[in-house]
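Before any comments, here is the structure.
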Amino acid sequence: MKHNTAKTANVSTLNTQVKWGLSLCVASALWLSSPAVHGAERLSEQALGIYSQARVINLQTPESEADKLARVDALHEQAKLLSSADNVTKKVTREQVMAKNQKVAATAANQQQRALALQNQVVYYDFSFYAADSRLYDDYDYDGFYQTFSVTFDADINSSSGDIQADVFAELYLSQDGGPWIHYYSTDVFTLNADTSNDDYEVLTTLANGYQTDHYDVLIDLYELGYADPVATISSDESNALYALPLESSDRDLVYVEEVYIETEHSGGALSWLSVGLLAGFARLRQRSINK
């Protein structure tokens, strides 16, 4: 009887362990698909010699130019801390990021999330980029190449119904002079609301170190949360604002102050002798006129 009880207890313990194991797997999958992973990736992006910050732009309450410049200055100061440390690691290509996202999307949690999304979907919809823009900041050595830049994009949901929402995130890449697309930023998950103009997304970036003085194109991949592949892409092929940005990292944007020494000729002695000679000549003339 005790043996049977012990066996039952062991089976119960095993079932509990299996349940805990399954719960741990689901929790891990949820964590992998959550915005927290993007935060962890952002730390690795800083190790790549990049410092970025992002925000959803509400056009109803626009940011003032003074606040914008203050945010740029703060970002630049944070990037200076990175440039002081030589911690540039291996850069990640677009193909590697896409493979990572496909692996995350294949988890049980993402498959369940995708099934729920399809179940609740009553109309067909797809995604597109309405516009993208860029802006350049901070060129301290005035060589025409900038260490800080921003990329702003407006993504939309296209459908026959105007009240569609979707949770998305974006991956941003740089290509140096036509080279491979190198990942530089993963956004947090944010919500798109149909084709509203109040969900523009801006990424402000300072290249701290490891980026040569050159022209860089920008590419943006948009992902719907729970899906393996990009749902929309925009790059320098579609937008001139993402083409050939003149960039360099801050360790190359240095201002060298040359000390200029001006040698002054001490000609006071010569002037003094000339003055004495003139005074002496004037004195002789005056003396002769008096004698006459």
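How things are named: the first chain in the structure tokens is A, the next is B, and so on; residues count from 1 in each chain; ligands count from 1 in the order shown.
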Within 6 Å of segment 95-105 of chain A, counting only C-alpha atoms, which residues qualify if same-chain residues fewer than 2 places away don't, as a list in words?
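In the requested form, the answer reads Thr93, Thr107, Asn110, Gly226, Tyr227 and Ala228 of chain A.
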Generate a file of the selected residues that holds all heavy atoms, formatted as a short mmCIF file (atom, residue, chain, number, x, y, z; two decimals), in the first residue's frame.
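Output below, filename result_29.cif:
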data_model
loop_
_atom_site.label_atom_id
_atom_site.label_comp_id
_atom_site.auth_asym_id
_atom_site.auth_seq_id
_atom_site.Cartn_x
_atom_site.Cartn_y
_atom_site.Cartn_z
N THR A 93 24.10 41.52 -39.84
CA THR A 93 23.51 41.81 -41.14
C THR A 93 22.00 41.64 -41.10
O THR A 93 21.42 41.07 -40.16
CB THR A 93 24.08 40.88 -42.22
OG1 THR A 93 23.68 39.53 -41.94
CG2 THR A 93 25.60 40.97 -42.26
N THR A 107 8.17 30.13 -32.12
CA THR A 107 7.92 29.63 -30.78
C THR A 107 6.43 29.38 -30.57
O THR A 107 5.58 29.93 -31.28
CB THR A 107 8.42 30.63 -29.72
OG1 THR A 107 7.72 31.87 -29.88
CG2 THR A 107 9.91 30.87 -29.86
N ASN A 110 4.28 32.55 -29.97
CA ASN A 110 4.00 33.34 -31.15
C ASN A 110 3.01 32.65 -32.07
O ASN A 110 2.18 33.30 -32.69
CB ASN A 110 5.31 33.63 -31.90
CG ASN A 110 5.98 34.90 -31.42
OD1 ASN A 110 5.61 35.99 -31.80
ND2 ASN A 110 6.95 34.74 -30.53
N GLY A 226 4.29 38.58 -33.96
CA GLY A 226 3.82 37.21 -34.12
C GLY A 226 4.03 36.63 -35.50
O GLY A 226 3.79 35.45 -35.71
N TYR A 227 4.52 37.45 -36.45
CA TYR A 227 4.75 36.99 -37.81
C TYR A 227 6.25 36.92 -38.08
O TYR A 227 7.02 37.74 -37.58
CB TYR A 227 4.07 37.90 -38.82
CG TYR A 227 2.56 37.73 -38.86
CD1 TYR A 227 1.78 38.28 -37.86
CD2 TYR A 227 1.95 37.00 -39.86
CE1 TYR A 227 0.39 38.11 -37.87
CE2 TYR A 227 0.57 36.84 -39.89
CZ TYR A 227 -0.20 37.40 -38.88
OH TYR A 227 -1.56 37.23 -38.89
N ALA A 228 6.63 35.97 -38.92
CA ALA A 228 8.06 35.67 -39.09
C ALA A 228 8.76 36.64 -40.04
O ALA A 228 9.93 36.95 -39.84
CB ALA A 228 8.23 34.24 -39.60
#
Find the residues around Asn240 of chain A up to 10 Å (only C-alpha atoms counted), leave out those fewer than 5 positions away in its own chain, and share them as a PyMOL selection string.
chain A and resi 132-134+217-218+235+245
Writer output for current selection, all heavy atoms, as a short mmCIF file (atom, residue, chain, number, x, y, z; two decimals), in the first residue's frame:
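Output below, filename again_34.cif:
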data_model
loop_
_atom_site.label_atom_id
_atom_site.label_comp_id
_atom_site.auth_asym_id
_atom_site.auth_seq_id
_atom_site.Cartn_x
_atom_site.Cartn_y
_atom_site.Cartn_z
N ALA A 132 8.77 58.41 -45.47
CA ALA A 132 9.94 58.33 -44.60
C ALA A 132 10.77 59.59 -44.81
O ALA A 132 10.82 60.14 -45.91
CB ALA A 132 10.78 57.09 -44.89
N ASP A 133 11.41 60.05 -43.75
CA ASP A 133 12.19 61.27 -43.82
C ASP A 133 13.44 61.11 -42.96
O ASP A 133 13.52 60.22 -42.10
CB ASP A 133 11.36 62.47 -43.35
CG ASP A 133 11.93 63.79 -43.84
OD1 ASP A 133 12.89 63.77 -44.62
OD2 ASP A 133 11.42 64.85 -43.43
N SER A 134 14.40 61.99 -43.17
CA SER A 134 15.62 61.97 -42.37
C SER A 134 16.06 63.40 -42.09
O SER A 134 15.67 64.34 -42.81
CB SER A 134 16.74 61.21 -43.09
OG SER A 134 17.08 61.84 -44.30
N ASP A 217 22.99 54.52 -46.90
CA ASP A 217 21.56 54.38 -47.18
C ASP A 217 20.88 53.75 -45.97
O ASP A 217 21.51 53.06 -45.16
CB ASP A 217 21.34 53.51 -48.41
CG ASP A 217 21.92 54.13 -49.67
OD1 ASP A 217 22.23 55.34 -49.65
OD2 ASP A 217 22.07 53.41 -50.67
N VAL A 218 19.56 53.97 -45.87
CA VAL A 218 18.77 53.44 -44.76
C VAL A 218 17.68 52.51 -45.30
O VAL A 218 17.09 52.79 -46.35
CB VAL A 218 18.11 54.58 -43.95
CG1 VAL A 218 17.24 54.02 -42.82
CG2 VAL A 218 19.17 55.51 -43.37
N SER A 235 13.15 51.69 -48.30
CA SER A 235 14.59 51.92 -48.30
C SER A 235 14.91 53.08 -49.23
O SER A 235 14.02 53.79 -49.71
CB SER A 235 15.33 50.66 -48.77
OG SER A 235 15.12 50.44 -50.15
N LEU A 245 23.04 59.29 -46.95
CA LEU A 245 23.19 60.22 -45.83
C LEU A 245 24.68 60.36 -45.51
O LEU A 245 25.37 59.36 -45.30
CB LEU A 245 22.45 59.71 -44.60
CG LEU A 245 20.95 59.45 -44.73
CD1 LEU A 245 20.35 59.10 -43.38
CD2 LEU A 245 20.24 60.64 -45.35
#
Using only C-alpha atoms, determine which residues lie at most 8 Å from Glu224 of chain A, disregarding the query and same-chain residues fewer than 4 positions distant; provide the list as number ranges by chain. A: 166-169, 230-231
Output C-alpha atoms for every residue in that selection, as a PDB file, in the first residue's frame.
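Generated file (again08.pdb):
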ATOM      1  CA  ALA A 166      -2.004  46.040 -35.186  1.00  0.00           C
ATOM      2  CA  ASP A 167       1.020  45.720 -32.919  1.00  0.00           C
ATOM      3  CA  VAL A 168       4.231  46.113 -34.900  1.00  0.00           C
ATOM      4  CA  PHE A 169       7.936  46.772 -34.534  1.00  0.00           C
ATOM      5  CA  PRO A 230       8.565  41.650 -42.728  1.00  0.00           C
ATOM      6  CA  VAL A 231       5.112  42.907 -43.694  1.00  0.00           C
TER       7      VAL A 231
END
Check: If you measure from atom CA of Asp214 of chain A to atom CA of Ala244 of chain A, what distance in Å do you get, rounded to one decimal?
Finding: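 About the pair atom CA of Asp214 of chain A and atom CA of Ala244 of chain A: they are 8.4 Å apart.
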Contacts of Gln53 of chain A within 9 Å, only C-alpha atoms, excl. fewer than 5 positions in-chain, as a CSV table (one decimal) with N, CA, C and O atoms, in the first residue's frame:
chain,number,residue,atom,x,y,z
A,75,LEU,N,21.5,63.1,-26.3
A,75,LEU,CA,21.8,61.9,-26.9
A,75,LEU,C,23.3,61.9,-27.3
A,75,LEU,O,24.0,60.9,-27.1
A,187,THR,N,13.1,48.8,-32.9
A,187,THR,CA,12.2,49.6,-32.1
A,187,THR,C,11.5,48.8,-31.1
A,187,THR,O,11.5,47.5,-31.2
A,202,GLU,N,9.8,58.0,-34.9
A,202,GLU,CA,11.1,58.7,-35.1
A,202,GLU,C,12.2,57.9,-34.3
A,202,GLU,O,12.0,57.6,-33.1
A,203,VAL,N,13.3,57.7,-34.9
A,203,VAL,CA,14.5,57.1,-34.3
A,203,VAL,C,15.7,58.1,-34.4
A,203,VAL,O,16.1,58.4,-35.6
A,204,LEU,N,16.1,58.6,-33.3
A,204,LEU,CA,17.3,59.6,-33.3
A,204,LEU,C,18.5,58.8,-32.9
A,204,LEU,O,18.5,58.1,-31.8
A,205,THR,N,19.6,58.9,-33.7
A,205,THR,CA,20.8,58.1,-33.5
A,205,THR,C,22.0,58.9,-33.6
A,205,THR,O,22.2,59.8,-34.4
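From atom CA of Tyr146 of chain A back to atom CA of Thr213 of chain A, the distance works out to 8.8 Å.
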| So how far away is atom CA of Leu242 of chain A from atom CA of Tyr125 of chain A, in Å? |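 Those two atoms sit 26.3 Å apart.
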